[in-house]
Amino acid sequence: MALRTIRLQGDPVLEKRCREVTEITPKIRELIEDMKDTMYDANGVGLAGPQVGVLKRIVVIDVGEGPIVMVNPKIVETAGEQTGDEGCLSLPGKAGTVTRPNYVKARAYDENMQQYEIEGEELLARAICHELDHLEGHLYTELVEGKLRDVTYDDE
Ligand code: ZN
């Protein structure tokens, strides 16, 4: 298990567009494992490459149903709308109201470069949209309705 340092808002790496992954090398495999460890250690539901300083199109998500690895992900369909709280490991202790699609279908590759499709609603749809925005250099703060709020976590 290896934890990586989570980059915080203001770090320029979070504002850059990520490059496609062309091959799963041992180094990429290690990165994916480290990203999962880092996400779980921080009690997050998702983590994107730039958040650990790596400008590659890799995302890990777990909304409580097991880890999802998304390499070179693309959203292919969205439907509906949801408005709710969103947070980000790069802005610890903050939350804001963001409207996202309520349903998302995405195409991605797994850690063995096998392509798959995933459908998600509610939290999973929100997480997919949030993490894929990171790959384009965008943070949820650009979408927050009203102000960012301070939040406290029960488990700290
Ligand atoms: Zn985030």
# chains A, B, ... in the order shown; residues from 1 in each chain; ligands from 1
call {"tool": "residues_near_ligand", "arguments": {"ligand": "ligand 1", "cutoff": "7 Å", "atoms": "only C-alpha atoms and all ligand atoms", "output": "list in words"}}
result
Leu47, Gly87, Cys88, Leu89, Ser90, His130, Glu131, His134, Leu139 and Tyr140 of chain A
call {"tool": "write_last_selection", "arguments": {"atoms": "C-alpha atoms", "output": "PDB file, in the first residue's frame"}}
result
ATOM      1  CA  LEU A  47      -9.962  10.352  -7.296  1.00  0.00           C
ATOM      2  CA  GLY A  87     -17.131  17.832  -2.307  1.00  0.00           C
ATOM      3  CA  CYS A  88     -13.629  17.089  -3.507  1.00  0.00           C
ATOM      4  CA  LEU A  89     -10.514  15.658  -1.873  1.00  0.00           C
ATOM      5  CA  SER A  90      -8.597  18.609  -3.336  1.00  0.00           C
ATOM      6  CA  HIS A 130     -16.961  15.134 -11.183  1.00  0.00           C
ATOM      7  CA  GLU A 131     -13.945  12.889 -11.790  1.00  0.00           C
ATOM      8  CA  HIS A 134     -10.745  16.683 -13.356  1.00  0.00           C
ATOM      9  CA  LEU A 139     -12.946  21.646 -10.537  1.00  0.00           C
ATOM     10  CA  TYR A 140     -16.508  21.494  -9.223  1.00  0.00           C
TER      11      TYR A 140
END
call {"tool": "select_by_dssp", "arguments": {"residues": "chain A", "states": "strand (DSSP E)", "output": "number ranges by chain"}}
result
A: 46-48, 58-61, 68-79, 82-86, 94-100, 103-109, 115-121, 145-150
call {"tool": "atom_distance", "arguments": {"atom1": "CA of Gly80 (chain A)", "atom2": "CA of Ile128 (chain A)"}}
result
14.7 Å
call {"tool": "residues_around", "arguments": {"residues": "region 69-76 of chain A", "least_positions_apart": "3", "cutoff": "6 Å", "atoms": "only C-alpha atoms", "output": "number ranges by chain"}}
result
A: 20, 57-60, 105-110
call {"tool": "write_last_selection", "arguments": {"atoms": "N, CA and C atoms", "output": "PDB file, in the first residue's frame"}}
result
ATOM      1  N   GLU A  20      -4.222  10.817 -22.816  1.00  0.00           N
ATOM      2  CA  GLU A  20      -4.740   9.457 -22.884  1.00  0.00           C
ATOM      3  C   GLU A  20      -3.665   8.458 -22.443  1.00  0.00           C
ATOM      4  N   ARG A  57      -5.306  10.173 -18.100  1.00  0.00           N
ATOM      5  CA  ARG A  57      -6.756  10.021 -18.027  1.00  0.00           C
ATOM      6  C   ARG A  57      -7.115   8.741 -17.275  1.00  0.00           C
ATOM      7  N   ILE A  58      -6.938   8.809 -15.954  1.00  0.00           N
ATOM      8  CA  ILE A  58      -7.247   7.681 -15.068  1.00  0.00           C
ATOM      9  C   ILE A  58      -8.066   8.197 -13.894  1.00  0.00           C
ATOM     10  N   VAL A  59      -9.135   7.448 -13.580  1.00  0.00           N
ATOM     11  CA  VAL A  59     -10.018   7.813 -12.484  1.00  0.00           C
ATOM     12  C   VAL A  59     -10.322   6.554 -11.685  1.00  0.00           C
ATOM     13  N   VAL A  60     -10.406   6.677 -10.373  1.00  0.00           N
ATOM     14  CA  VAL A  60     -10.934   5.586  -9.548  1.00  0.00           C
ATOM     15  C   VAL A  60     -12.138   6.127  -8.779  1.00  0.00           C
ATOM     16  N   LYS A 105     -24.145   7.375 -18.764  1.00  0.00           N
ATOM     17  CA  LYS A 105     -23.549   6.153 -19.317  1.00  0.00           C
ATOM     18  C   LYS A 105     -22.161   6.543 -19.818  1.00  0.00           C
ATOM     19  N   ALA A 106     -21.159   5.742 -19.445  1.00  0.00           N
ATOM     20  CA  ALA A 106     -19.791   6.062 -19.834  1.00  0.00           C
ATOM     21  C   ALA A 106     -19.111   4.829 -20.403  1.00  0.00           C
ATOM     22  N   ARG A 107     -18.117   5.092 -21.214  1.00  0.00           N
ATOM     23  CA  ARG A 107     -17.293   4.035 -21.786  1.00  0.00           C
ATOM     24  C   ARG A 107     -15.870   4.265 -21.287  1.00  0.00           C
ATOM     25  N   ALA A 108     -15.212   3.195 -20.876  1.00  0.00           N
ATOM     26  CA  ALA A 108     -13.855   3.345 -20.365  1.00  0.00           C
ATOM     27  C   ALA A 108     -13.109   2.033 -20.544  1.00  0.00           C
ATOM     28  N   TYR A 109     -11.837   2.037 -20.203  1.00  0.00           N
ATOM     29  CA  TYR A 109     -11.037   0.826 -20.167  1.00  0.00           C
ATOM     30  C   TYR A 109     -10.719   0.505 -18.719  1.00  0.00           C
ATOM     31  N   ASP A 110     -10.600  -0.789 -18.414  1.00  0.00           N
ATOM     32  CA  ASP A 110     -10.212  -1.172 -17.057  1.00  0.00           C
ATOM     33  C   ASP A 110      -8.686  -1.285 -16.974  1.00  0.00           C
TER      34      ASP A 110
END
call {"tool": "residues_around", "arguments": {"residues": "Asp150 (chain A)", "least_positions_apart": "6", "cutoff": "7 Å", "atoms": "only C-alpha atoms", "output": "count of residues only"}}
result
3
call {"tool": "select_by_dssp", "arguments": {"residues": "chain A", "states": "alpha helix (DSSP H)", "output": "ChimeraX atom specification"}}
result
/A:26-41,122-135
call {"tool": "residues_around", "arguments": {"residues": "region 141-147 of chain A", "least_positions_apart": "5", "cutoff": "9 Å", "atoms": "only C-alpha atoms", "output": "list in words"}}
result
Glu86, Ala95, Gly96, Thr97, Val98 and Thr99 of chain A
call {"tool": "write_last_selection", "arguments": {"atoms": "all heavy atoms", "output": "compact mmCIF listing (two decimals), in the first residue's frame"}}
result
# COMPACT_ATOMS: atom_id res chain seq x y z
N GLU A 86 -21.76 18.51 -3.18
CA GLU A 86 -20.60 17.87 -3.78
C GLU A 86 -19.36 18.35 -3.03
O GLU A 86 -19.31 19.49 -2.56
CB GLU A 86 -20.54 18.26 -5.26
CG GLU A 86 -19.73 17.30 -6.09
CD GLU A 86 -20.06 17.40 -7.58
OE1 GLU A 86 -21.25 17.37 -7.95
OE2 GLU A 86 -19.12 17.51 -8.36
N ALA A 95 -17.81 22.04 0.80
CA ALA A 95 -18.86 21.43 -0.01
C ALA A 95 -19.65 22.53 -0.68
O ALA A 95 -19.65 23.68 -0.22
CB ALA A 95 -19.78 20.57 0.85
N GLY A 96 -20.32 22.16 -1.76
CA GLY A 96 -21.14 23.14 -2.47
C GLY A 96 -22.23 22.44 -3.24
O GLY A 96 -22.17 21.23 -3.47
N THR A 97 -23.23 23.21 -3.63
CA THR A 97 -24.36 22.66 -4.37
C THR A 97 -24.06 22.67 -5.86
O THR A 97 -23.70 23.71 -6.42
CB THR A 97 -25.62 23.52 -4.09
OG1 THR A 97 -25.81 23.57 -2.68
CG2 THR A 97 -26.85 22.93 -4.76
N VAL A 98 -24.19 21.49 -6.48
CA VAL A 98 -23.90 21.37 -7.91
C VAL A 98 -25.02 20.57 -8.58
O VAL A 98 -25.47 19.56 -8.04
CB VAL A 98 -22.55 20.66 -8.15
CG1 VAL A 98 -22.27 20.52 -9.65
CG2 VAL A 98 -21.41 21.39 -7.47
N THR A 99 -25.44 21.03 -9.74
CA THR A 99 -26.42 20.29 -10.53
C THR A 99 -25.69 19.45 -11.58
O THR A 99 -24.81 19.95 -12.28
CB THR A 99 -27.42 21.26 -11.21
OG1 THR A 99 -28.11 21.97 -10.17
CG2 THR A 99 -28.43 20.52 -12.06
call {"tool": "atom_distance", "arguments": {"atom1": "CA of Glu15 (chain A)", "atom2": "CA of Leu91 (chain A)"}}
result
13.8 Å
call {"tool": "atom_distance", "arguments": {"atom1": "CA of Ala125 (chain A)", "atom2": "CA of Glu77 (chain A)"}}
result
10.8 Å
call {"tool": "residues_around", "arguments": {"residues": "Gly66 (chain A)", "least_positions_apart": "3", "cutoff": "12 Å", "atoms": "only C-alpha atoms", "output": "ChimeraX atom specification"}}
result
/A:36,40,45-46,60-63,69,124
call {"tool": "closest_residue", "arguments": {"among": "A:Arg4, A:Lys56, A:Arg17, A:Arg100", "to": "Ala127 (chain A)", "atoms": "only C-alpha atoms"}}
result
A:Arg100
call {"tool": "closest_residue", "arguments": {"among": "A:Pro26, A:Cys18, A:Asp37, A:Val13", "to": "Glu111 (chain A)", "atoms": "only C-alpha atoms"}}
result
A:Pro26
call {"tool": "closest_residue", "arguments": {"among": "A:Leu123, A:Ile28, A:Val54, A:Cys129", "to": "Leu14 (chain A)", "atoms": "only C-alpha atoms"}}
result
A:Val54
call {"tool": "residues_around", "arguments": {"residues": "Lys16 (chain A)", "least_positions_apart": "6", "cutoff": "9 Å", "atoms": "only C-alpha atoms", "output": "list of chain:residue names"}}
result
A:Pro50, A:Leu55, A:His134, A:Leu135, A:Glu136, A:Gly137, A:His138
call {"tool": "closest_residue", "arguments": {"among": "A:Gly53, A:Pro12, A:Pro67, A:Gly120", "to": "Met39 (chain A)", "atoms": "only C-alpha atoms"}}
result
A:Pro67
call {"tool": "closest_residue", "arguments": {"among": "A:Gly49, A:Met35, A:Met1, A:Gln115", "to": "Arg19 (chain A)", "atoms": "only C-alpha atoms"}}
result
A:Gly49
call {"tool": "decode", "arguments": {"residues": "region 35-74 of chain A", "atoms": "N, CA and C atoms", "output": "PDB file, in the first residue's frame"}}
result
ATOM      1  N   MET A  35      -3.733   5.012  -6.294  1.00  0.00           N
ATOM      2  CA  MET A  35      -4.885   5.922  -6.321  1.00  0.00           C
ATOM      3  C   MET A  35      -6.034   5.355  -5.503  1.00  0.00           C
ATOM      4  N   LYS A  36      -6.267   4.038  -5.614  1.00  0.00           N
ATOM      5  CA  LYS A  36      -7.320   3.411  -4.804  1.00  0.00           C
ATOM      6  C   LYS A  36      -6.988   3.559  -3.317  1.00  0.00           C
ATOM      7  N   ASP A  37      -5.752   3.213  -2.942  1.00  0.00           N
ATOM      8  CA  ASP A  37      -5.334   3.320  -1.538  1.00  0.00           C
ATOM      9  C   ASP A  37      -5.525   4.742  -1.027  1.00  0.00           C
ATOM     10  N   THR A  38      -5.128   5.701  -1.845  1.00  0.00           N
ATOM     11  CA  THR A  38      -5.192   7.109  -1.449  1.00  0.00           C
ATOM     12  C   THR A  38      -6.646   7.558  -1.281  1.00  0.00           C
ATOM     13  N   MET A  39      -7.509   7.120  -2.198  1.00  0.00           N
ATOM     14  CA  MET A  39      -8.934   7.456  -2.117  1.00  0.00           C
ATOM     15  C   MET A  39      -9.555   6.879  -0.847  1.00  0.00           C
ATOM     16  N   TYR A  40      -9.280   5.601  -0.570  1.00  0.00           N
ATOM     17  CA  TYR A  40      -9.871   4.976   0.617  1.00  0.00           C
ATOM     18  C   TYR A  40      -9.320   5.609   1.889  1.00  0.00           C
ATOM     19  N   ASP A  41      -8.037   5.895   1.907  1.00  0.00           N
ATOM     20  CA  ASP A  41      -7.419   6.492   3.093  1.00  0.00           C
ATOM     21  C   ASP A  41      -8.050   7.846   3.405  1.00  0.00           C
ATOM     22  N   ALA A  42      -8.447   8.579   2.351  1.00  0.00           N
ATOM     23  CA  ALA A  42      -9.018   9.918   2.540  1.00  0.00           C
ATOM     24  C   ALA A  42     -10.541   9.885   2.635  1.00  0.00           C
ATOM     25  N   ASN A  43     -11.120   8.671   2.648  1.00  0.00           N
ATOM     26  CA  ASN A  43     -12.577   8.523   2.710  1.00  0.00           C
ATOM     27  C   ASN A  43     -13.290   9.222   1.556  1.00  0.00           C
ATOM     28  N   GLY A  44     -12.683   9.180   0.386  1.00  0.00           N
ATOM     29  CA  GLY A  44     -13.308   9.805  -0.779  1.00  0.00           C
ATOM     30  C   GLY A  44     -14.108   8.805  -1.586  1.00  0.00           C
ATOM     31  N   VAL A  45     -14.963   9.295  -2.480  1.00  0.00           N
ATOM     32  CA  VAL A  45     -15.700   8.408  -3.386  1.00  0.00           C
ATOM     33  C   VAL A  45     -15.086   8.408  -4.776  1.00  0.00           C
ATOM     34  N   GLY A  46     -14.064   9.231  -4.976  1.00  0.00           N
ATOM     35  CA  GLY A  46     -13.420   9.241  -6.277  1.00  0.00           C
ATOM     36  C   GLY A  46     -12.120  10.016  -6.239  1.00  0.00           C
ATOM     37  N   LEU A  47     -11.247   9.668  -7.194  1.00  0.00           N
ATOM     38  CA  LEU A  47      -9.962  10.352  -7.296  1.00  0.00           C
ATOM     39  C   LEU A  47      -9.504  10.293  -8.755  1.00  0.00           C
ATOM     40  N   ALA A  48      -8.986  11.410  -9.235  1.00  0.00           N
ATOM     41  CA  ALA A  48      -8.536  11.486 -10.626  1.00  0.00           C
ATOM     42  C   ALA A  48      -7.026  11.740 -10.672  1.00  0.00           C
ATOM     43  N   GLY A  49      -6.392  11.306 -11.759  1.00  0.00           N
ATOM     44  CA  GLY A  49      -4.943  11.406 -11.927  1.00  0.00           C
ATOM     45  C   GLY A  49      -4.329  12.722 -11.459  1.00  0.00           C
ATOM     46  N   PRO A  50      -4.864  13.854 -11.948  1.00  0.00           N
ATOM     47  CA  PRO A  50      -4.234  15.132 -11.572  1.00  0.00           C
ATOM     48  C   PRO A  50      -4.207  15.376 -10.066  1.00  0.00           C
ATOM     49  N   GLN A  51      -5.142  14.753  -9.353  1.00  0.00           N
ATOM     50  CA  GLN A  51      -5.186  14.966  -7.902  1.00  0.00           C
ATOM     51  C   GLN A  51      -4.007  14.336  -7.179  1.00  0.00           C
ATOM     52  N   VAL A  52      -3.307  13.418  -7.868  1.00  0.00           N
ATOM     53  CA  VAL A  52      -2.058  12.914  -7.304  1.00  0.00           C
ATOM     54  C   VAL A  52      -0.880  13.363  -8.183  1.00  0.00           C
ATOM     55  N   GLY A  53      -1.123  14.393  -8.986  1.00  0.00           N
ATOM     56  CA  GLY A  53      -0.045  15.020  -9.743  1.00  0.00           C
ATOM     57  C   GLY A  53       0.311  14.329 -11.044  1.00  0.00           C
ATOM     58  N   VAL A  54      -0.567  13.439 -11.513  1.00  0.00           N
ATOM     59  CA  VAL A  54      -0.278  12.692 -12.743  1.00  0.00           C
ATOM     60  C   VAL A  54      -1.303  13.066 -13.809  1.00  0.00           C
ATOM     61  N   LEU A  55      -0.820  13.661 -14.907  1.00  0.00           N
ATOM     62  CA  LEU A  55      -1.739  14.144 -15.953  1.00  0.00           C
ATOM     63  C   LEU A  55      -2.058  13.037 -16.942  1.00  0.00           C
ATOM     64  N   LYS A  56      -2.704  11.998 -16.430  1.00  0.00           N
ATOM     65  CA  LYS A  56      -3.153  10.887 -17.265  1.00  0.00           C
ATOM     66  C   LYS A  56      -4.636  10.670 -17.032  1.00  0.00           C
ATOM     67  N   ARG A  57      -5.306  10.173 -18.100  1.00  0.00           N
ATOM     68  CA  ARG A  57      -6.756  10.021 -18.027  1.00  0.00           C
ATOM     69  C   ARG A  57      -7.115   8.741 -17.275  1.00  0.00           C
ATOM     70  N   ILE A  58      -6.938   8.809 -15.954  1.00  0.00           N
ATOM     71  CA  ILE A  58      -7.247   7.681 -15.068  1.00  0.00           C
ATOM     72  C   ILE A  58      -8.066   8.197 -13.894  1.00  0.00           C
ATOM     73  N   VAL A  59      -9.135   7.448 -13.580  1.00  0.00           N
ATOM     74  CA  VAL A  59     -10.018   7.813 -12.484  1.00  0.00           C
ATOM     75  C   VAL A  59     -10.322   6.554 -11.685  1.00  0.00           C
ATOM     76  N   VAL A  60     -10.406   6.677 -10.373  1.00  0.00           N
ATOM     77  CA  VAL A  60     -10.934   5.586  -9.548  1.00  0.00           C
ATOM     78  C   VAL A  60     -12.138   6.127  -8.779  1.00  0.00           C
ATOM     79  N   ILE A  61     -13.145   5.277  -8.650  1.00  0.00           N
ATOM     80  CA  ILE A  61     -14.387   5.666  -7.980  1.00  0.00           C
ATOM     81  C   ILE A  61     -14.840   4.504  -7.107  1.00  0.00           C
ATOM     82  N   ASP A  62     -15.368   4.806  -5.936  1.00  0.00           N
ATOM     83  CA  ASP A  62     -16.081   3.800  -5.156  1.00  0.00           C
ATOM     84  C   ASP A  62     -17.194   4.496  -4.387  1.00  0.00           C
ATOM     85  N   VAL A  63     -18.432   4.229  -4.796  1.00  0.00           N
ATOM     86  CA  VAL A  63     -19.568   4.850  -4.106  1.00  0.00           C
ATOM     87  C   VAL A  63     -20.151   3.882  -3.073  1.00  0.00           C
ATOM     88  N   GLY A  64     -19.343   2.888  -2.681  1.00  0.00           N
ATOM     89  CA  GLY A  64     -19.781   1.939  -1.673  1.00  0.00           C
ATOM     90  C   GLY A  64     -20.125   0.578  -2.256  1.00  0.00           C
ATOM     91  N   GLU A  65     -19.845   0.419  -3.566  1.00  0.00           N
ATOM     92  CA  GLU A  65     -20.168  -0.849  -4.232  1.00  0.00           C
ATOM     93  C   GLU A  65     -18.921  -1.501  -4.819  1.00  0.00           C
ATOM     94  N   GLY A  66     -17.755  -1.114  -4.310  1.00  0.00           N
ATOM     95  CA  GLY A  66     -16.505  -1.669  -4.828  1.00  0.00           C
ATOM     96  C   GLY A  66     -15.833  -0.699  -5.778  1.00  0.00           C
ATOM     97  N   PRO A  67     -14.529  -0.893  -5.956  1.00  0.00           N
ATOM     98  CA  PRO A  67     -13.762   0.056  -6.767  1.00  0.00           C
ATOM     99  C   PRO A  67     -14.054  -0.047  -8.265  1.00  0.00           C
ATOM    100  N   ILE A  68     -14.141   1.084  -8.905  1.00  0.00           N
ATOM    101  CA  ILE A  68     -14.290   1.175 -10.363  1.00  0.00           C
ATOM    102  C   ILE A  68     -13.061   1.900 -10.879  1.00  0.00           C
ATOM    103  N   VAL A  69     -12.372   1.278 -11.834  1.00  0.00           N
ATOM    104  CA  VAL A  69     -11.211   1.899 -12.460  1.00  0.00           C
ATOM    105  C   VAL A  69     -11.621   2.340 -13.856  1.00  0.00           C
ATOM    106  N   MET A  70     -11.402   3.601 -14.165  1.00  0.00           N
ATOM    107  CA  MET A  70     -11.763   4.122 -15.482  1.00  0.00           C
ATOM    108  C   MET A  70     -10.526   4.722 -16.142  1.00  0.00           C
ATOM    109  N   VAL A  71     -10.087   4.063 -17.225  1.00  0.00           N
ATOM    110  CA  VAL A  71      -8.959   4.563 -18.003  1.00  0.00           C
ATOM    111  C   VAL A  71      -9.526   5.127 -19.312  1.00  0.00           C
ATOM    112  N   ASN A  72      -9.095   6.303 -19.689  1.00  0.00           N
ATOM    113  CA  ASN A  72      -9.587   7.001 -20.893  1.00  0.00           C
ATOM    114  C   ASN A  72     -11.119   7.047 -20.949  1.00  0.00           C
ATOM    115  N   PRO A  73     -11.773   7.429 -19.863  1.00  0.00           N
ATOM    116  CA  PRO A  73     -13.245   7.386 -19.850  1.00  0.00           C
ATOM    117  C   PRO A  73     -13.872   8.482 -20.695  1.00  0.00           C
ATOM    118  N   LYS A  74     -15.057   8.150 -21.214  1.00  0.00           N
ATOM    119  CA  LYS A  74     -15.850   9.125 -21.976  1.00  0.00           C
ATOM    120  C   LYS A  74     -17.312   8.955 -21.595  1.00  0.00           C
TER     121      LYS A  74
END
